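A short write-up of the structure that comes next.
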Amino acid sequence: MSPFTGSAVRTTSWDHLRVDRGEGVATVTLARPEKLNALTFGAYADLRDLLAELSRERSVRALVLAGEGRGFCSGGDVDEIIGATLALDTAQLLDFNRMTGQVVRAVRECPFPVIAAVHGVAAGAGAVLALAADFRVADPSARFAFLFTRVGLSGGDMGAAYLLPRVVGLGHATRLLMLGEPVRAPEAERIGLISELAEEGRADAAAQALARRLAAGPALAHAQTKALLTAELDMPLAASVELDASTQALLMNSEDYREFHAAFTEKRPPQWRGR
């Protein structure tokens, strides 16, 4: 992601999200607890634009995506999105659906790890946002539901048909996307949908601890690992190992690589600079 910007200034406040920063970690909170953090057109657009801005910054080394209140995210708001889309023509609907896909791409392509802190419901678009994250830290109350067929739409929404089989396998993905049945935390952990099962009520704290650990580590190495994991999903082996070789050759010229050797030699912890 290029750090170069044009005339637009950095956004200092966001209407549809709460954004906090500290120790290299950005915490983005969906803050409509009275609506179980249901997404609106504005929330999608803010997520898309925020991720683009954070990707140009060098200060963010990890991001936590959380939900306020009783759950993570109940999906698209029934009135403000589902009801509103009934009045849109095909061109407008295509614009909207492309925007939701841009959010998922932004999560997958941003140059820092994204951790979804999931408690309670993660349904519809909320389930896909969690799925797109690099890590899903959940407490025992978490339940995931890909509800798109339940409202008469394809289960392959926002990239779900691409991402979910790669996380849990085709068989489980087919069941989850076709039937739209909720998957509770124990099964989600068993099939690989959850990266870490936290104690009751501790998903946010566990996600923050993981984010701080990542933020304190080699940011350049994390960024390139994430980029390769995404890029190589559809590559043949020959192309993958060639991309790996090129990436490693570049990283072997980095300050962090030299710093590791110096720290090892001097018997001290490395001071990662992300360069």
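Ordered as shown in the structure tokens, chains take letters A, B, and onward, while each chain numbers its residues from 1 and ligands are numbered from 1 in the order shown.
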With 12 Å as the cut-off and only C-alpha atoms counted, what is the closest atom pair between each nearby residue of stretch 153-270 of chain A and stretch 90-99 of chain A? Distances in Å to one decimal, ordered by chain and number, as JSON lines.
{"residue": "A:Leu153", "atom": "CA", "partner": "A:Asn97", "partner_atom": "CA", "distance": 12.0}
{"residue": "A:Gly156", "atom": "CA", "partner": "A:Asn97", "partner_atom": "CA", "distance": 11.6}
{"residue": "A:Asp157", "atom": "CA", "partner": "A:Asn97", "partner_atom": "CA", "distance": 8.4}
{"residue": "A:Met158", "atom": "CA", "partner": "A:Asn97", "partner_atom": "CA", "distance": 7.5}
{"residue": "A:Gly159", "atom": "CA", "partner": "A:Arg98", "partner_atom": "CA", "distance": 10.5}
> Neighbours of stretch 234-246 of chain A within 12 Å (only C-alpha atoms; same-chain residues fewer than 5 positions away dropped), as JSON, numbers by chain?
Replying inline: {"A": [162, 163, 166, 224, 225, 227, 228, 229, 251, 252, 253]}
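Proximity to A:Asp46 was assessed for A:Glu68, A:Glu23, A:Asp15, A:Glu259 counting only C-alpha atoms; the smallest distance is recorded for A:Asp15.
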>> I'd like the neighbourhood of A:Phe112 as a PyMOL selection string, where a residue qualifies if any of its atoms comes within 12 Å (using only C-alpha atoms), though same-chain residues fewer than 2 positions away should be ignored.
In response: chain A and resi 1+24-26+51-52+54-64+106-110+114-115+133-135+211+214-215+217-227+274
>> Taking 6 positions as the minimum chain separation for residues in the same chain, which residues sit within 10 Å of A:Arg18 when counting only C-alpha atoms? Answer as an MDAnalysis selection string.
In response: chainID A and resid 27:31 66:68
Which polymer residues have any atom within 7 Å of an atom of stretch 187-195 of chain A, counting only C-alpha atoms, with same-chain residues fewer than 3 positions away left out, as an mmCIF file with C-alpha atoms, in the first residue's frame?
data_model
loop_
_atom_site.group_PDB
_atom_site.id
_atom_site.type_symbol
_atom_site.label_atom_id
_atom_site.label_comp_id
_atom_site.auth_asym_id
_atom_site.auth_seq_id
_atom_site.Cartn_x
_atom_site.Cartn_y
_atom_site.Cartn_z
ATOM 1 C CA PHE A 135 -7.230 -13.897 13.505
ATOM 2 C CA ARG A 136 -10.599 -14.533 15.123
ATOM 3 C CA VAL A 137 -10.438 -14.388 18.915
ATOM 4 C CA ALA A 138 -13.779 -15.398 20.386
ATOM 5 C CA VAL A 167 -10.526 -21.497 6.294
ATOM 6 C CA VAL A 168 -12.774 -24.463 7.137
ATOM 7 C CA VAL A 183 -22.182 -22.207 14.492
ATOM 8 C CA ARG A 184 -21.431 -21.824 18.178
#
>> Rounded to one decimal, what separation in Å do you get between atom CA of A:Ala123 and atom CA of A:Ala38?
In response: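 Between these atoms lies a distance of 9.4 Å.
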> Just asking: which residues within stretch 27-153 of chain A are strand (DSSP E) according to DSSP, as an NGL selection string?
Replying inline: :A and (27-30 or 62-67 or 114-118 or 121-123 or 135-138 or 143-145)
Please, could you write that set of residues out with N, CA, C and O atoms as an mmCIF file, in the first residue's frame?
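So the final result, stored in again22.cif, reads:
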data_model
loop_
_atom_site.group_PDB
_atom_site.id
_atom_site.type_symbol
_atom_site.label_atom_id
_atom_site.label_comp_id
_atom_site.auth_asym_id
_atom_site.auth_seq_id
_atom_site.Cartn_x
_atom_site.Cartn_y
_atom_site.Cartn_z
ATOM 1 N N THR A 27 -7.740 0.241 17.338
ATOM 2 C CA THR A 27 -8.941 -0.516 17.708
ATOM 3 C C THR A 27 -10.141 0.154 17.059
ATOM 4 O O THR A 27 -10.420 1.330 17.320
ATOM 5 N N VAL A 28 -10.827 -0.578 16.208
ATOM 6 C CA VAL A 28 -11.994 -0.073 15.488
ATOM 7 C C VAL A 28 -13.222 -0.773 16.059
ATOM 8 O O VAL A 28 -13.342 -1.995 15.981
ATOM 9 N N THR A 29 -14.114 0.007 16.643
ATOM 10 C CA THR A 29 -15.273 -0.562 17.317
ATOM 11 C C THR A 29 -16.551 -0.204 16.572
ATOM 12 O O THR A 29 -16.804 0.975 16.295
ATOM 13 N N LEU A 30 -17.333 -1.218 16.252
ATOM 14 C CA LEU A 30 -18.675 -1.001 15.723
ATOM 15 C C LEU A 30 -19.544 -0.616 16.917
ATOM 16 O O LEU A 30 -19.675 -1.397 17.863
ATOM 17 N N ALA A 62 -0.993 -3.279 14.016
ATOM 18 C CA ALA A 62 -2.023 -4.304 14.201
ATOM 19 C C ALA A 62 -3.344 -3.587 14.416
ATOM 20 O O ALA A 62 -3.376 -2.450 14.903
ATOM 21 N N LEU A 63 -4.436 -4.252 14.052
ATOM 22 C CA LEU A 63 -5.768 -3.658 14.195
ATOM 23 C C LEU A 63 -6.702 -4.661 14.838
ATOM 24 O O LEU A 63 -6.711 -5.836 14.464
ATOM 25 N N VAL A 64 -7.472 -4.197 15.804
ATOM 26 C CA VAL A 64 -8.515 -5.006 16.428
ATOM 27 C C VAL A 64 -9.863 -4.477 15.960
ATOM 28 O O VAL A 64 -10.124 -3.272 16.049
ATOM 29 N N LEU A 65 -10.708 -5.368 15.467
ATOM 30 C CA LEU A 65 -12.067 -5.023 15.072
ATOM 31 C C LEU A 65 -13.006 -5.627 16.108
ATOM 32 O O LEU A 65 -13.021 -6.852 16.308
ATOM 33 N N ALA A 66 -13.759 -4.772 16.788
ATOM 34 C CA ALA A 66 -14.591 -5.213 17.907
ATOM 35 C C ALA A 66 -15.998 -4.666 17.768
ATOM 36 O O ALA A 66 -16.264 -3.767 16.957
ATOM 37 N N GLY A 67 -16.891 -5.198 18.578
ATOM 38 C CA GLY A 67 -18.266 -4.732 18.621
ATOM 39 C C GLY A 67 -18.669 -4.366 20.027
ATOM 40 O O GLY A 67 -18.336 -5.074 20.983
ATOM 41 N N VAL A 114 -5.066 -8.131 11.170
ATOM 42 C CA VAL A 114 -6.366 -7.712 11.692
ATOM 43 C C VAL A 114 -6.897 -8.830 12.583
ATOM 44 O O VAL A 114 -6.932 -9.994 12.173
ATOM 45 N N ILE A 115 -7.291 -8.466 13.807
ATOM 46 C CA ILE A 115 -7.832 -9.431 14.762
ATOM 47 C C ILE A 115 -9.283 -9.078 15.023
ATOM 48 O O ILE A 115 -9.582 -7.959 15.450
ATOM 49 N N ALA A 116 -10.196 -9.999 14.759
ATOM 50 C CA ALA A 116 -11.600 -9.801 15.104
ATOM 51 C C ALA A 116 -11.830 -10.328 16.508
ATOM 52 O O ALA A 116 -11.516 -11.489 16.804
ATOM 53 N N ALA A 117 -12.346 -9.475 17.388
ATOM 54 C CA ALA A 117 -12.687 -9.871 18.761
ATOM 55 C C ALA A 117 -14.185 -10.139 18.790
ATOM 56 O O ALA A 117 -14.989 -9.202 18.730
ATOM 57 N N VAL A 118 -14.558 -11.411 18.858
ATOM 58 C CA VAL A 118 -15.959 -11.791 18.658
ATOM 59 C C VAL A 118 -16.573 -12.297 19.956
ATOM 60 O O VAL A 118 -16.062 -13.233 20.578
ATOM 61 N N VAL A 121 -23.211 -12.530 18.828
ATOM 62 C CA VAL A 121 -23.519 -12.848 17.444
ATOM 63 C C VAL A 121 -22.555 -12.181 16.461
ATOM 64 O O VAL A 121 -22.168 -11.030 16.617
ATOM 65 N N ALA A 122 -22.152 -12.958 15.457
ATOM 66 C CA ALA A 122 -21.470 -12.436 14.271
ATOM 67 C C ALA A 122 -22.242 -13.028 13.097
ATOM 68 O O ALA A 122 -22.028 -14.183 12.717
ATOM 69 N N ALA A 123 -23.178 -12.259 12.562
ATOM 70 C CA ALA A 123 -24.122 -12.786 11.579
ATOM 71 C C ALA A 123 -24.035 -12.022 10.274
ATOM 72 O O ALA A 123 -23.709 -10.829 10.248
ATOM 73 N N PHE A 135 -6.999 -13.122 12.288
ATOM 74 C CA PHE A 135 -7.230 -13.897 13.505
ATOM 75 C C PHE A 135 -8.650 -13.637 13.977
ATOM 76 O O PHE A 135 -9.128 -12.511 13.905
ATOM 77 N N ARG A 136 -9.291 -14.672 14.497
ATOM 78 C CA ARG A 136 -10.599 -14.533 15.123
ATOM 79 C C ARG A 136 -10.467 -15.013 16.563
ATOM 80 O O ARG A 136 -10.292 -16.226 16.804
ATOM 81 N N VAL A 137 -10.496 -14.070 17.489
ATOM 82 C CA VAL A 137 -10.438 -14.388 18.915
ATOM 83 C C VAL A 137 -11.861 -14.284 19.436
ATOM 84 O O VAL A 137 -12.503 -13.235 19.311
ATOM 85 N N ALA A 138 -12.369 -15.367 19.998
ATOM 86 C CA ALA A 138 -13.779 -15.398 20.386
ATOM 87 C C ALA A 138 -13.933 -15.966 21.786
ATOM 88 O O ALA A 138 -13.120 -16.771 22.238
ATOM 89 N N ARG A 143 -21.174 -16.849 18.286
ATOM 90 C CA ARG A 143 -21.838 -17.718 17.311
ATOM 91 C C ARG A 143 -21.804 -17.014 15.959
ATOM 92 O O ARG A 143 -22.075 -15.823 15.854
ATOM 93 N N PHE A 144 -21.448 -17.781 14.942
ATOM 94 C CA PHE A 144 -21.295 -17.266 13.589
ATOM 95 C C PHE A 144 -22.450 -17.794 12.745
ATOM 96 O O PHE A 144 -22.795 -18.983 12.813
ATOM 97 N N ALA A 145 -23.033 -16.929 11.919
ATOM 98 C CA ALA A 145 -24.130 -17.352 11.049
ATOM 99 C C ALA A 145 -24.042 -16.587 9.734
ATOM 100 O O ALA A 145 -24.120 -15.361 9.718
#
> So how many Å separate atom CA of A:Trp272 and atom CA of A:Arg202, to one decimal?
Replying inline: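 If I compute the distance from atom CA of A:Trp272 to atom CA of A:Arg202, I get 28.6 Å.
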>> Can you tell me which residues surround A:Asp49 at a distance of at most 10 Å, considering only C-alpha atoms, apart from same-chain residues fewer than 4 positions away, and format the answer as number ranges by chain?
In response: A: 11, 14, 43-45, 53-55, 102-103, 106
Neighbours of A:Gly152 within 12 Å (only C-alpha atoms; same-chain residues fewer than 4 positions away dropped), as a PDB file with N, CA and C atoms, in the first residue's frame?
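Saved result, result.pdb, follows:
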ATOM      1  N   ILE A  82     -31.390  -3.507   4.052  1.00  0.00           N
ATOM      2  CA  ILE A  82     -32.249  -4.445   3.317  1.00  0.00           C
ATOM      3  C   ILE A  82     -33.488  -3.736   2.794  1.00  0.00           C
ATOM      4  N   LEU A 147     -26.006 -15.779   6.970  1.00  0.00           N
ATOM      5  CA  LEU A 147     -27.454 -15.825   6.825  1.00  0.00           C
ATOM      6  C   LEU A 147     -27.978 -15.472   5.434  1.00  0.00           C
ATOM      7  N   PHE A 148     -27.120 -15.330   4.458  1.00  0.00           N
ATOM      8  CA  PHE A 148     -27.534 -14.730   3.187  1.00  0.00           C
ATOM      9  C   PHE A 148     -28.641 -15.511   2.487  1.00  0.00           C
ATOM     10  N   GLY A 156     -22.680 -16.721  -1.222  1.00  0.00           N
ATOM     11  CA  GLY A 156     -21.363 -16.203  -1.605  1.00  0.00           C
ATOM     12  C   GLY A 156     -21.344 -14.688  -1.621  1.00  0.00           C
ATOM     13  N   ASP A 157     -21.606 -14.068  -0.487  1.00  0.00           N
ATOM     14  CA  ASP A 157     -21.651 -12.607  -0.405  1.00  0.00           C
ATOM     15  C   ASP A 157     -20.334 -12.076   0.150  1.00  0.00           C
ATOM     16  N   MET A 178     -24.907 -22.643   2.615  1.00  0.00           N
ATOM     17  CA  MET A 178     -26.200 -23.080   2.085  1.00  0.00           C
ATOM     18  C   MET A 178     -27.311 -22.973   3.125  1.00  0.00           C
ATOM     19  N   LEU A 179     -27.061 -23.475   4.327  1.00  0.00           N
ATOM     20  CA  LEU A 179     -28.117 -23.577   5.329  1.00  0.00           C
ATOM     21  C   LEU A 179     -28.237 -22.331   6.194  1.00  0.00           C
ATOM     22  N   GLY A 180     -27.165 -21.575   6.344  1.00  0.00           N
ATOM     23  CA  GLY A 180     -27.221 -20.374   7.164  1.00  0.00           C
ATOM     24  C   GLY A 180     -27.437 -20.634   8.636  1.00  0.00           C
TER      25      GLY A 180
END
> Using only C-alpha atoms, which of A:Leu164, A:Val78, A:Glu266, A:His119 sits nearest A:Ala207?
Replying inline: A:His119
